[in-house]
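Data block for entry.txt (compact mmCIF, C-alpha atoms):
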```txt
# COMPACT_ATOMS: atom_id res chain seq x y z
CA MET A 1 8.47 -4.84 29.90
CA LEU A 2 8.15 -6.26 26.43
CA GLU A 3 9.37 -3.87 23.77
CA THR A 4 6.74 -3.58 21.03
CA GLU A 5 7.91 -0.62 18.91
CA TYR A 6 10.96 -0.67 16.64
CA SER A 7 12.64 1.99 14.54
CA LEU A 8 13.21 1.35 10.83
CA SER A 9 15.59 3.50 8.80
CA ALA A 10 15.47 4.02 5.05
CA ILE A 11 18.53 2.40 3.48
CA GLY A 12 17.67 4.12 0.20
CA PHE A 13 14.87 5.26 -2.10
CA LEU A 14 13.33 4.23 -5.41
CA HIS A 15 13.47 6.43 -8.50
CA SER A 16 10.61 5.28 -10.72
CA PRO A 17 8.67 6.59 -13.70
CA LEU A 18 5.52 5.74 -11.66
CA LYS A 19 4.66 9.02 -9.98
CA GLU A 20 1.15 8.36 -8.65
CA LEU A 21 -0.48 5.44 -6.88
CA LYS A 22 -3.30 5.42 -9.41
CA GLU A 23 -0.82 4.58 -12.20
CA ALA A 24 0.75 1.68 -10.30
CA PRO A 25 -0.16 -1.93 -11.05
CA MET A 26 -0.97 -4.11 -8.04
CA GLN A 27 1.95 -6.49 -8.56
CA GLY A 28 5.31 -6.13 -10.29
CA ARG A 29 4.47 -8.82 -12.82
CA GLU A 30 1.34 -6.97 -13.91
CA GLY A 31 3.16 -4.53 -16.18
CA ALA A 32 5.26 -2.57 -13.69
CA PRO A 33 8.32 -0.65 -14.93
CA ASP A 34 11.94 -0.88 -13.84
CA ALA A 35 13.30 1.57 -11.28
CA TRP A 36 16.62 2.73 -9.87
CA LEU A 37 17.19 1.87 -6.22
CA GLU A 38 19.64 4.38 -4.78
CA VAL A 39 21.24 3.19 -1.56
CA ASN A 40 22.63 5.66 0.98
CA ALA A 41 26.39 6.06 0.57
CA SER A 42 26.91 5.23 4.26
CA ILE A 43 25.73 1.66 3.79
CA ALA A 44 26.71 1.01 0.18
CA GLU A 45 29.30 -1.60 1.19
CA GLY A 46 26.37 -3.80 2.21
CA LEU A 47 25.71 -4.32 -1.53
CA LYS A 48 29.02 -6.12 -2.14
CA GLY A 49 28.38 -9.40 -3.94
CA ILE A 50 25.15 -8.39 -5.65
CA GLU A 51 25.52 -8.89 -9.42
CA VAL A 52 23.58 -8.10 -12.57
CA GLY A 53 21.10 -10.93 -13.15
CA ASP A 54 20.59 -11.67 -9.44
CA GLU A 55 17.06 -12.01 -8.11
CA LEU A 56 16.37 -10.00 -4.96
CA ILE A 57 13.56 -9.35 -2.54
CA VAL A 58 13.34 -5.59 -2.03
CA ILE A 59 11.45 -4.61 1.13
CA THR A 60 9.87 -1.17 0.97
CA TRP A 61 8.02 1.08 3.39
CA LEU A 62 4.74 1.89 1.61
CA HIS A 63 4.63 5.44 2.88
CA LYS A 64 1.28 6.30 1.27
CA ALA A 65 -0.58 3.42 2.93
CA GLN A 66 -3.18 3.66 5.70
CA ARG A 67 -2.12 1.91 8.90
CA ASN A 68 -5.49 1.74 10.68
CA ILE A 69 -7.22 -0.60 8.22
CA LEU A 70 -7.73 -4.27 9.14
CA LYS A 71 -10.13 -5.45 6.42
CA VAL A 72 -10.21 -4.77 2.69
CA HIS A 73 -11.92 -5.98 -0.45
CA PRO A 74 -9.18 -8.06 -2.14
CA ARG A 75 -7.70 -6.16 -5.13
CA GLY A 76 -10.17 -3.35 -4.40
CA ASP A 77 -13.01 -5.40 -5.91
CA GLU A 78 -16.15 -4.60 -3.91
CA SER A 79 -17.90 -7.72 -5.25
CA VAL A 80 -15.40 -9.81 -3.25
CA PRO A 81 -16.18 -10.13 0.49
CA LEU A 82 -14.03 -8.22 2.97
CA ALA A 83 -10.90 -10.10 4.02
CA GLY A 84 -8.39 -9.45 6.78
CA VAL A 85 -5.42 -7.45 5.51
CA PHE A 86 -3.05 -10.27 6.52
CA ALA A 87 -4.85 -12.55 4.04
CA THR A 88 -4.14 -10.02 1.25
CA ARG A 89 -1.28 -8.04 -0.27
CA SER A 90 -3.07 -4.73 0.36
CA PRO A 91 -0.61 -1.90 1.11
CA ASP A 92 -3.04 -0.77 3.83
CA ARG A 93 -2.05 -2.69 7.00
CA PRO A 94 -0.62 -1.93 10.45
CA ASN A 95 3.01 -2.04 9.25
CA PRO A 96 2.96 -1.15 5.54
CA LEU A 97 5.92 -3.22 4.37
CA GLY A 98 6.06 -4.09 0.67
CA LEU A 99 7.78 -7.22 -0.70
CA HIS A 100 8.98 -6.98 -4.29
CA ARG A 101 10.73 -9.79 -6.12
CA VAL A 102 12.92 -8.17 -8.77
CA LYS A 103 15.86 -8.84 -11.05
CA VAL A 104 19.02 -6.71 -11.00
CA LEU A 105 19.34 -5.16 -14.46
CA ALA A 106 22.32 -2.81 -13.95
CA ILE A 107 24.61 -1.60 -11.18
CA ALA A 108 26.21 1.85 -11.01
CA GLY A 109 28.03 2.44 -7.72
CA ALA A 110 25.41 2.51 -4.96
CA ARG A 111 22.55 2.44 -7.49
CA LEU A 112 20.83 -0.75 -8.62
CA LYS A 113 18.48 -0.82 -11.60
CA VAL A 114 15.79 -3.36 -10.65
CA GLY A 115 12.47 -4.49 -11.99
CA PRO A 116 9.72 -4.98 -12.52
CA ILE A 117 8.55 -3.08 -9.44
CA GLU A 118 5.15 -1.53 -8.78
CA ALA A 119 6.19 0.87 -5.98
CA ILE A 120 6.00 4.57 -6.85
CA ASP A 121 8.76 7.14 -7.16
CA GLY A 122 10.17 8.15 -3.77
CA THR A 123 9.21 4.94 -1.96
CA PRO A 124 11.66 4.24 0.89
CA VAL A 125 13.59 0.95 0.80
CA VAL A 126 14.30 -0.68 4.17
CA ASP A 127 15.98 -3.99 3.26
CA ILE A 128 17.30 -6.07 0.37
CA LYS A 129 17.68 -9.87 0.48
CA PRO A 130 18.71 -12.50 -2.07
CA VAL A 131 16.08 -14.96 -3.31
CA LEU A 132 17.03 -18.39 -1.99
CA HIS A 133 16.39 -20.63 -5.00
CA GLN A 134 17.74 -23.80 -3.43
CA LEU A 135 15.11 -23.55 -0.72
CA ALA A 136 12.33 -22.44 -3.08
CA ASP A 137 12.06 -19.77 -0.45
CA ALA A 138 11.61 -16.04 -0.59
CA MET B 1 12.53 17.28 4.47
CA LEU B 2 12.56 13.63 3.48
CA GLU B 3 11.35 11.39 6.26
CA THR B 4 13.83 8.54 6.75
CA GLU B 5 12.72 6.89 10.03
CA TYR B 6 9.55 4.86 10.46
CA SER B 7 7.94 3.23 13.47
CA LEU B 8 7.09 -0.48 13.36
CA SER B 9 4.75 -2.07 15.90
CA ALA B 10 4.68 -5.71 16.88
CA ILE B 11 1.42 -7.27 15.67
CA GLY B 12 2.20 -10.36 17.73
CA PHE B 13 4.91 -12.69 18.99
CA LEU B 14 6.19 -16.19 18.30
CA HIS B 15 6.01 -18.95 20.89
CA SER B 16 8.63 -21.49 19.87
CA PRO B 17 10.49 -24.41 21.44
CA LEU B 18 13.69 -22.73 20.12
CA LYS B 19 14.87 -20.73 23.10
CA GLU B 20 18.39 -19.73 22.06
CA LEU B 21 19.92 -18.44 18.84
CA LYS B 22 22.56 -21.16 18.98
CA GLU B 23 19.87 -23.85 18.67
CA ALA B 24 18.24 -22.21 15.65
CA PRO B 25 18.84 -23.46 12.10
CA MET B 26 19.69 -20.81 9.50
CA GLN B 27 16.57 -21.43 7.40
CA GLY B 28 13.15 -22.86 8.18
CA ARG B 29 13.65 -25.76 5.79
CA GLU B 30 16.82 -26.82 7.56
CA GLY B 31 15.05 -28.64 10.38
CA ALA B 32 13.23 -25.79 12.14
CA PRO B 33 10.26 -26.56 14.40
CA ASP B 34 6.69 -25.28 14.25
CA ALA B 35 5.66 -22.35 16.44
CA TRP B 36 2.53 -20.56 17.59
CA LEU B 37 2.12 -17.03 16.30
CA GLU B 38 -0.05 -15.11 18.76
CA VAL B 39 -1.54 -11.97 17.27
CA ASN B 40 -2.60 -9.04 19.47
CA ALA B 41 -6.34 -9.13 20.15
CA SER B 42 -6.69 -5.55 18.87
CA ILE B 43 -5.77 -6.55 15.32
CA ALA B 44 -7.03 -10.13 15.21
CA GLU B 45 -9.74 -9.29 12.65
CA GLY B 46 -6.90 -8.75 10.16
CA LEU B 47 -6.50 -12.56 10.09
CA LYS B 48 -9.96 -13.17 8.59
CA GLY B 49 -9.68 -15.40 5.54
CA ILE B 50 -6.50 -17.20 6.58
CA GLU B 51 -7.12 -20.97 6.58
CA VAL B 52 -5.33 -24.11 7.65
CA GLY B 53 -3.09 -25.21 4.79
CA ASP B 54 -2.41 -21.67 3.52
CA GLU B 55 1.16 -20.63 2.81
CA LEU B 56 2.18 -17.32 4.34
CA ILE B 57 5.18 -15.04 4.50
CA VAL B 58 5.70 -14.08 8.15
CA ILE B 59 7.84 -10.96 8.59
CA THR B 60 9.64 -10.79 11.92
CA TRP B 61 11.80 -8.25 13.72
CA LEU B 62 15.00 -10.14 14.55
CA HIS B 63 15.43 -8.46 17.90
CA LYS B 64 18.74 -10.16 18.75
CA ALA B 65 20.48 -9.00 15.57
CA GLN B 66 23.25 -6.41 15.30
CA ARG B 67 22.28 -3.40 13.21
CA ASN B 68 25.73 -1.87 12.62
CA ILE B 69 27.13 -4.72 10.51
CA LEU B 70 27.43 -4.30 6.72
CA LYS B 71 29.60 -7.32 5.78
CA VAL B 72 29.50 -10.92 6.93
CA HIS B 73 30.92 -14.30 6.01
CA PRO B 74 27.94 -16.04 4.34
CA ARG B 75 26.41 -18.65 6.69
CA GLY B 76 29.11 -17.76 9.24
CA ASP B 77 31.70 -19.71 7.23
CA GLU B 78 35.00 -17.86 7.57
CA SER B 79 36.44 -19.69 4.55
CA VAL B 80 33.93 -17.80 2.37
CA PRO B 81 34.93 -14.19 1.54
CA LEU B 82 33.06 -11.33 3.23
CA ALA B 83 29.89 -10.31 1.43
CA GLY B 84 27.60 -7.33 1.87
CA VAL B 85 24.70 -8.13 4.20
CA PHE B 86 22.21 -7.31 1.42
CA ALA B 87 23.68 -10.19 -0.62
CA THR B 88 22.99 -12.58 2.27
CA ARG B 89 20.18 -13.65 4.60
CA SER B 90 22.23 -12.74 7.69
CA PRO B 91 20.03 -11.46 10.55
CA ASP B 92 22.71 -8.81 11.17
CA ARG B 93 21.79 -5.83 8.91
CA PRO B 94 20.62 -2.23 9.32
CA ASN B 95 16.92 -3.19 9.58
CA PRO B 96 16.80 -6.74 10.95
CA LEU B 97 13.65 -7.96 9.21
CA GLY B 98 13.22 -11.71 8.85
CA LEU B 99 11.21 -13.34 6.02
CA HIS B 100 9.80 -16.78 6.78
CA ARG B 101 7.74 -18.82 4.36
CA VAL B 102 5.51 -21.10 6.44
CA LYS B 103 2.40 -23.23 6.25
CA VAL B 104 -0.59 -22.70 8.55
CA LEU B 105 -1.03 -25.92 10.56
CA ALA B 106 -3.79 -24.92 12.99
CA ILE B 107 -5.82 -21.86 13.98
CA ALA B 108 -7.17 -21.14 17.46
CA GLY B 109 -8.74 -17.70 17.72
CA ALA B 110 -5.95 -15.14 17.28
CA ARG B 111 -3.26 -17.84 17.36
CA LEU B 112 -1.84 -19.47 14.24
CA LYS B 113 0.32 -22.59 14.41
CA VAL B 114 2.87 -22.16 11.62
CA GLY B 115 6.02 -23.85 10.47
CA PRO B 116 8.69 -24.62 9.88
CA ILE B 117 10.19 -21.42 11.31
CA GLU B 118 13.72 -20.82 12.54
CA ALA B 119 13.02 -17.68 14.61
CA ILE B 120 13.41 -18.08 18.37
CA ASP B 121 10.83 -17.87 21.13
CA GLY B 122 9.69 -14.31 21.78
CA THR B 123 10.53 -12.97 18.32
CA PRO B 124 8.22 -10.08 17.40
CA VAL B 125 6.08 -10.45 14.27
CA VAL B 126 5.47 -7.27 12.26
CA ASP B 127 3.51 -8.46 9.21
CA ILE B 128 1.86 -11.49 7.60
CA LYS B 129 1.22 -11.83 3.86
CA PRO B 130 -0.14 -14.60 1.63
CA VAL B 131 2.24 -16.32 -0.80
CA LEU B 132 1.13 -15.37 -4.31
CA HIS B 133 1.45 -18.65 -6.18
CA GLN B 134 -0.03 -17.41 -9.44
CA LEU B 135 2.77 -14.85 -9.71
CA ALA B 136 5.48 -17.23 -8.45
CA ASP B 137 6.08 -14.32 -6.15
CA ALA B 138 6.84 -14.10 -2.47
```
As structure tokens, how would this structure be written, given the file I've shared?
Amino acid sequence: MLETEYSLSAIGFLHSPLKELKEAPMQGREGAPDAWLEVNASIAEGLKGIEVGDELIVITWLHKAQRNILKVHPRGDESVPLAGVFATRSPDRPNPLGLHRVKVLAIAGARLKVGPIEAIDGTPVVDIKPVLHQLADA
Amino acid sequence: MLETEYSLSAIGFLHSPLKELKEAPMQGREGAPDAWLEVNASIAEGLKGIEVGDELIVITWLHKAQRNILKVHPRGDESVPLAGVFATRSPDRPNPLGLHRVKVLAIAGARLKVGPIEAIDGTPVVDIKPVLHQLADA
């Protein structure tokens, strides 16, 4: 039988001055603050090679999102027709993964200061990847 | 207590001519083929608004990856020093999520032809997001 459920583990959590969803901008580049990403000690060696100034894609688990929503008004604007969630960046979607392109601003042991990032305080982080500039990929 | 495990569901699967990992290029833009992404009928309305020519980020679950690896030789090149998996795009990492930037080439009901994509046949898809050009984000 085809396996269709997978288990994700938090590799760390964000510590952000954004405490409530209603304070959070929709995208990092819309005025979001910087945050500390604290990685679990057990997997900290996976950070080796990350340096201040690097650009990363942080993948979060948007734990406040609703998973049973398939259509939304883009950017919450009810004057815009409903679109499928996969045609939008809405946090509400079957698997509420967030993609955040950030810069590394400081490193202190297993803690990375990154930004700008619109995810709120306490958001779980599930993966970190380098931006691949040479492929114009992300 | 802090919740640290989350359940991901496949929203669909890839149908690709790449049948084995050893045939697969490391990145889509390194000669990967196109593939059909077949979305489960139950969530197909989430695709509304996606059009041929759109650029998407497809997020996969790299089901053949090893999850207990924290350091790798980048691109499998043993002459390059070991780096933390979070400083690389290695599929081997605690949560083996794949990010693939693709173009939509055709749409047939709940099936999207996308490419280029280096993931192998049968790879589960867990999310689809639009590329946000105006933010140079991904």
Give me, as JSON lines, each residue of chain A that comes within 8 Å of chain B, together with its shortest interatomic pair and the distance in Å at one decimal, counting all atoms listed in the file, with rows ordered by chain and rising residue number.
```
{"residue": "A:Thr4", "atom": "CA", "partner": "B:Ala10", "partner_atom": "CA", "distance": 5.1}
{"residue": "A:Glu5", "atom": "CA", "partner": "B:Ser9", "partner_atom": "CA", "distance": 4.6}
{"residue": "A:Tyr6", "atom": "CA", "partner": "B:Leu8", "partner_atom": "CA", "distance": 5.1}
{"residue": "A:Ser7", "atom": "CA", "partner": "B:Ser7", "partner_atom": "CA", "distance": 5.0}
{"residue": "A:Leu8", "atom": "CA", "partner": "B:Tyr6", "partner_atom": "CA", "distance": 5.1}
{"residue": "A:Ser9", "atom": "CA", "partner": "B:Glu5", "partner_atom": "CA", "distance": 4.6}
{"residue": "A:Ala10", "atom": "CA", "partner": "B:Thr4", "partner_atom": "CA", "distance": 5.1}
{"residue": "A:Ile11", "atom": "CA", "partner": "B:Pro94", "partner_atom": "CA", "distance": 7.7}
{"residue": "A:Arg29", "atom": "CA", "partner": "B:Leu135", "partner_atom": "CA", "distance": 7.0}
{"residue": "A:Ile43", "atom": "CA", "partner": "B:Leu70", "partner_atom": "CA", "distance": 6.9}
{"residue": "A:Glu45", "atom": "CA", "partner": "B:Gly84", "partner_atom": "CA", "distance": 6.0}
{"residue": "A:Gly46", "atom": "CA", "partner": "B:Gly84", "partner_atom": "CA", "distance": 3.8}
{"residue": "A:Leu47", "atom": "CA", "partner": "B:Gly84", "partner_atom": "CA", "distance": 4.9}
{"residue": "A:Lys48", "atom": "CA", "partner": "B:Gly84", "partner_atom": "CA", "distance": 4.4}
{"residue": "A:Gly49", "atom": "CA", "partner": "B:Ala83", "partner_atom": "CA", "distance": 5.7}
{"residue": "A:Ile50", "atom": "CA", "partner": "B:Ala87", "partner_atom": "CA", "distance": 5.5}
{"residue": "A:Leu70", "atom": "CA", "partner": "B:Gly46", "partner_atom": "CA", "distance": 4.7}
{"residue": "A:Lys71", "atom": "CA", "partner": "B:Gly46", "partner_atom": "CA", "distance": 5.9}
{"residue": "A:Ala83", "atom": "CA", "partner": "B:Lys48", "partner_atom": "CA", "distance": 5.6}
{"residue": "A:Gly84", "atom": "CA", "partner": "B:Gly46", "partner_atom": "CA", "distance": 3.8}
{"residue": "A:Val85", "atom": "CA", "partner": "B:Gly46", "partner_atom": "CA", "distance": 5.1}
{"residue": "A:Phe86", "atom": "CA", "partner": "B:Ile128", "partner_atom": "CA", "distance": 5.2}
{"residue": "A:Ala87", "atom": "CA", "partner": "B:Ile50", "partner_atom": "CA", "distance": 5.5}
{"residue": "A:Thr88", "atom": "CA", "partner": "B:Pro130", "partner_atom": "CA", "distance": 6.1}
{"residue": "A:Arg89", "atom": "CA", "partner": "B:Lys129", "partner_atom": "CA", "distance": 6.1}
{"residue": "A:Pro94", "atom": "CA", "partner": "B:Ser9", "partner_atom": "CA", "distance": 7.7}
{"residue": "A:Asn95", "atom": "CA", "partner": "B:Leu8", "partner_atom": "CA", "distance": 6.0}
{"residue": "A:Leu97", "atom": "CA", "partner": "B:Asp127", "partner_atom": "CA", "distance": 7.5}
{"residue": "A:Leu99", "atom": "CA", "partner": "B:Ala138", "partner_atom": "CA", "distance": 7.2}
{"residue": "A:His100", "atom": "CA", "partner": "B:Ala138", "partner_atom": "CA", "distance": 7.7}
{"residue": "A:Arg101", "atom": "CA", "partner": "B:Asp137", "partner_atom": "CA", "distance": 6.5}
{"residue": "A:Pro124", "atom": "CA", "partner": "B:Thr4", "partner_atom": "CA", "distance": 7.6}
{"residue": "A:Val126", "atom": "CA", "partner": "B:Asn95", "partner_atom": "CA", "distance": 6.5}
{"residue": "A:Asp127", "atom": "CA", "partner": "B:Asn95", "partner_atom": "CA", "distance": 6.4}
{"residue": "A:Ile128", "atom": "CA", "partner": "B:Phe86", "partner_atom": "CA", "distance": 5.2}
{"residue": "A:Lys129", "atom": "CA", "partner": "B:Phe86", "partner_atom": "CA", "distance": 5.3}
{"residue": "A:Pro130", "atom": "CA", "partner": "B:Ala87", "partner_atom": "CA", "distance": 5.7}
{"residue": "A:Leu135", "atom": "CA", "partner": "B:Arg29", "partner_atom": "CA", "distance": 7.0}
{"residue": "A:Asp137", "atom": "CA", "partner": "B:Arg101", "partner_atom": "CA", "distance": 6.5}
{"residue": "A:Ala138", "atom": "CA", "partner": "B:Ala138", "partner_atom": "CA", "distance": 5.5}
```
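Ranking B:Gly53, B:Pro91, B:Glu78, B:Glu38 by their shortest atom-to-atom distance to Gly109 in chain B, with all atoms listed in the file included, puts B:Glu38 first.
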Problem - Selected residue of minimal separation from Val104 in chain A among A:Val52, A:Met26, A:Leu62, A:Ala119, counting only C-alpha atoms - result: A:Val52
Fit result for chain B on chain A over all paired C-alpha atoms, given as a compact mmCIF listing (two decimals) with C-alpha atoms, in the coordinates of the input:
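Everything below was put into result37.txt:
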```
# COMPACT_ATOMS: atom_id res chain seq x y z
CA MET B 1 8.48 -4.85 29.89
CA LEU B 2 8.14 -6.28 26.41
CA GLU B 3 9.36 -3.89 23.76
CA THR B 4 6.72 -3.59 21.03
CA GLU B 5 7.91 -0.63 18.90
CA TYR B 6 10.95 -0.68 16.64
CA SER B 7 12.63 1.99 14.55
CA LEU B 8 13.21 1.36 10.84
CA SER B 9 15.58 3.51 8.79
CA ALA B 10 15.46 4.02 5.06
CA ILE B 11 18.53 2.41 3.47
CA GLY B 12 17.66 4.11 0.20
CA PHE B 13 14.88 5.26 -2.11
CA LEU B 14 13.32 4.23 -5.41
CA HIS B 15 13.46 6.44 -8.48
CA SER B 16 10.62 5.29 -10.71
CA PRO B 17 8.66 6.61 -13.68
CA LEU B 18 5.51 5.74 -11.66
CA LYS B 19 4.65 9.02 -9.99
CA GLU B 20 1.15 8.36 -8.65
CA LEU B 21 -0.48 5.43 -6.87
CA LYS B 22 -3.28 5.42 -9.41
CA GLU B 23 -0.81 4.59 -12.20
CA ALA B 24 0.74 1.69 -10.29
CA PRO B 25 -0.16 -1.94 -11.03
CA MET B 26 -0.98 -4.12 -8.02
CA GLN B 27 1.95 -6.49 -8.56
CA GLY B 28 5.31 -6.14 -10.28
CA ARG B 29 4.46 -8.83 -12.81
CA GLU B 30 1.34 -6.99 -13.90
CA GLY B 31 3.15 -4.55 -16.17
CA ALA B 32 5.27 -2.58 -13.68
CA PRO B 33 8.31 -0.64 -14.92
CA ASP B 34 11.94 -0.88 -13.85
CA ALA B 35 13.31 1.58 -11.30
CA TRP B 36 16.62 2.73 -9.86
CA LEU B 37 17.19 1.86 -6.23
CA GLU B 38 19.63 4.39 -4.78
CA VAL B 39 21.24 3.20 -1.57
CA ASN B 40 22.64 5.67 0.98
CA ALA B 41 26.40 6.07 0.58
CA SER B 42 26.91 5.23 4.27
CA ILE B 43 25.71 1.65 3.79
CA ALA B 44 26.71 1.01 0.18
CA GLU B 45 29.31 -1.61 1.18
CA GLY B 46 26.37 -3.81 2.21
CA LEU B 47 25.70 -4.32 -1.53
CA LYS B 48 29.02 -6.12 -2.15
CA GLY B 49 28.40 -9.40 -3.95
CA ILE B 50 25.17 -8.38 -5.67
CA GLU B 51 25.53 -8.89 -9.44
CA VAL B 52 23.59 -8.10 -12.57
CA GLY B 53 21.11 -10.91 -13.16
CA ASP B 54 20.60 -11.68 -9.45
CA GLU B 55 17.07 -12.00 -8.11
CA LEU B 56 16.38 -10.01 -4.97
CA ILE B 57 13.56 -9.36 -2.55
CA VAL B 58 13.33 -5.59 -2.04
CA ILE B 59 11.44 -4.62 1.12
CA THR B 60 9.87 -1.17 0.97
CA TRP B 61 8.00 1.07 3.39
CA LEU B 62 4.74 1.88 1.60
CA HIS B 63 4.63 5.44 2.86
CA LYS B 64 1.27 6.30 1.27
CA ALA B 65 -0.58 3.41 2.93
CA GLN B 66 -3.17 3.66 5.70
CA ARG B 67 -2.13 1.90 8.89
CA ASN B 68 -5.49 1.75 10.69
CA ILE B 69 -7.21 -0.60 8.23
CA LEU B 70 -7.71 -4.28 9.15
CA LYS B 71 -10.14 -5.44 6.41
CA VAL B 72 -10.22 -4.75 2.70
CA HIS B 73 -11.93 -5.99 -0.44
CA PRO B 74 -9.18 -8.06 -2.13
CA ARG B 75 -7.69 -6.17 -5.11
CA GLY B 76 -10.17 -3.35 -4.40
CA ASP B 77 -13.00 -5.40 -5.91
CA GLU B 78 -16.14 -4.60 -3.92
CA SER B 79 -17.88 -7.72 -5.25
CA VAL B 80 -15.39 -9.82 -3.26
CA PRO B 81 -16.18 -10.12 0.48
CA LEU B 82 -14.02 -8.22 2.98
CA ALA B 83 -10.90 -10.09 4.03
CA GLY B 84 -8.39 -9.45 6.79
CA VAL B 85 -5.41 -7.44 5.52
CA PHE B 86 -3.05 -10.26 6.53
CA ALA B 87 -4.84 -12.54 4.04
CA THR B 88 -4.14 -10.02 1.26
CA ARG B 89 -1.27 -8.04 -0.27
CA SER B 90 -3.06 -4.73 0.35
CA PRO B 91 -0.61 -1.89 1.12
CA ASP B 92 -3.06 -0.76 3.82
CA ARG B 93 -2.07 -2.69 7.01
CA PRO B 94 -0.63 -1.92 10.45
CA ASN B 95 3.00 -2.04 9.24
CA PRO B 96 2.96 -1.13 5.54
CA LEU B 97 5.91 -3.23 4.37
CA GLY B 98 6.05 -4.08 0.67
CA LEU B 99 7.77 -7.22 -0.70
CA HIS B 100 8.98 -7.00 -4.29
CA ARG B 101 10.74 -9.79 -6.12
CA VAL B 102 12.93 -8.17 -8.78
CA LYS B 103 15.87 -8.84 -11.05
CA VAL B 104 19.02 -6.70 -11.01
CA LEU B 105 19.36 -5.14 -14.48
CA ALA B 106 22.33 -2.81 -13.97
CA ILE B 107 24.62 -1.59 -11.19
CA ALA B 108 26.23 1.85 -11.01
CA GLY B 109 28.04 2.43 -7.74
CA ALA B 110 25.42 2.51 -4.97
CA ARG B 111 22.56 2.44 -7.49
CA LEU B 112 20.84 -0.75 -8.62
CA LYS B 113 18.48 -0.83 -11.60
CA VAL B 114 15.80 -3.36 -10.66
CA GLY B 115 12.48 -4.49 -11.99
CA PRO B 116 9.73 -4.98 -12.51
CA ILE B 117 8.55 -3.06 -9.44
CA GLU B 118 5.15 -1.53 -8.79
CA ALA B 119 6.19 0.86 -5.99
CA ILE B 120 6.00 4.56 -6.85
CA ASP B 121 8.75 7.14 -7.15
CA GLY B 122 10.18 8.15 -3.78
CA THR B 123 9.22 4.95 -1.96
CA PRO B 124 11.67 4.24 0.88
CA VAL B 125 13.58 0.95 0.79
CA VAL B 126 14.28 -0.69 4.16
CA ASP B 127 15.97 -3.99 3.25
CA ILE B 128 17.30 -6.08 0.36
CA LYS B 129 17.69 -9.86 0.47
CA PRO B 130 18.71 -12.51 -2.07
CA VAL B 131 16.08 -14.97 -3.31
CA LEU B 132 17.03 -18.40 -1.99
CA HIS B 133 16.37 -20.64 -4.98
CA GLN B 134 17.73 -23.81 -3.42
CA LEU B 135 15.11 -23.57 -0.68
CA ALA B 136 12.32 -22.43 -3.03
CA ASP B 137 12.07 -19.75 -0.41
CA ALA B 138 11.55 -16.02 -0.62
```
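Relative to CA of Arg67 in chain B, CA of Glu118 in chain A is found at 27.9 Å.
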Practice task
Quick one: pull the distance between CA of Asn40 in chain B and CA of His73 in chain A, Å, one decimal.
Solution key: 22.2 Å
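Across the structure, CA of Pro17 in chain B and CA of Ile107 in chain B are spaced 18.1 Å apart.
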Centre, x/y/z edge lengths, axis-aligned box for range 110-127 of chain A with 4 Å per side, as lines of an AutoDock Vina configuration file:
```
center_x = 15.3
center_y = 1.6
center_z = -4.2
size_x = 28.3
size_y = 21.1
size_z = 24.7
```
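With all atoms listed in the file as the atoms that count, the minimum distance from Arg111 in chain A to the choices A:Leu14, A:Ala65, A:Leu37, A:Val80 is reached by A:Leu37.
Proximity ranking of B:Ala32, B:Ile120, B:Val39, B:Ala24 relative to Ala108 in chain B places B:Val39 first, based on all atoms listed in the file.
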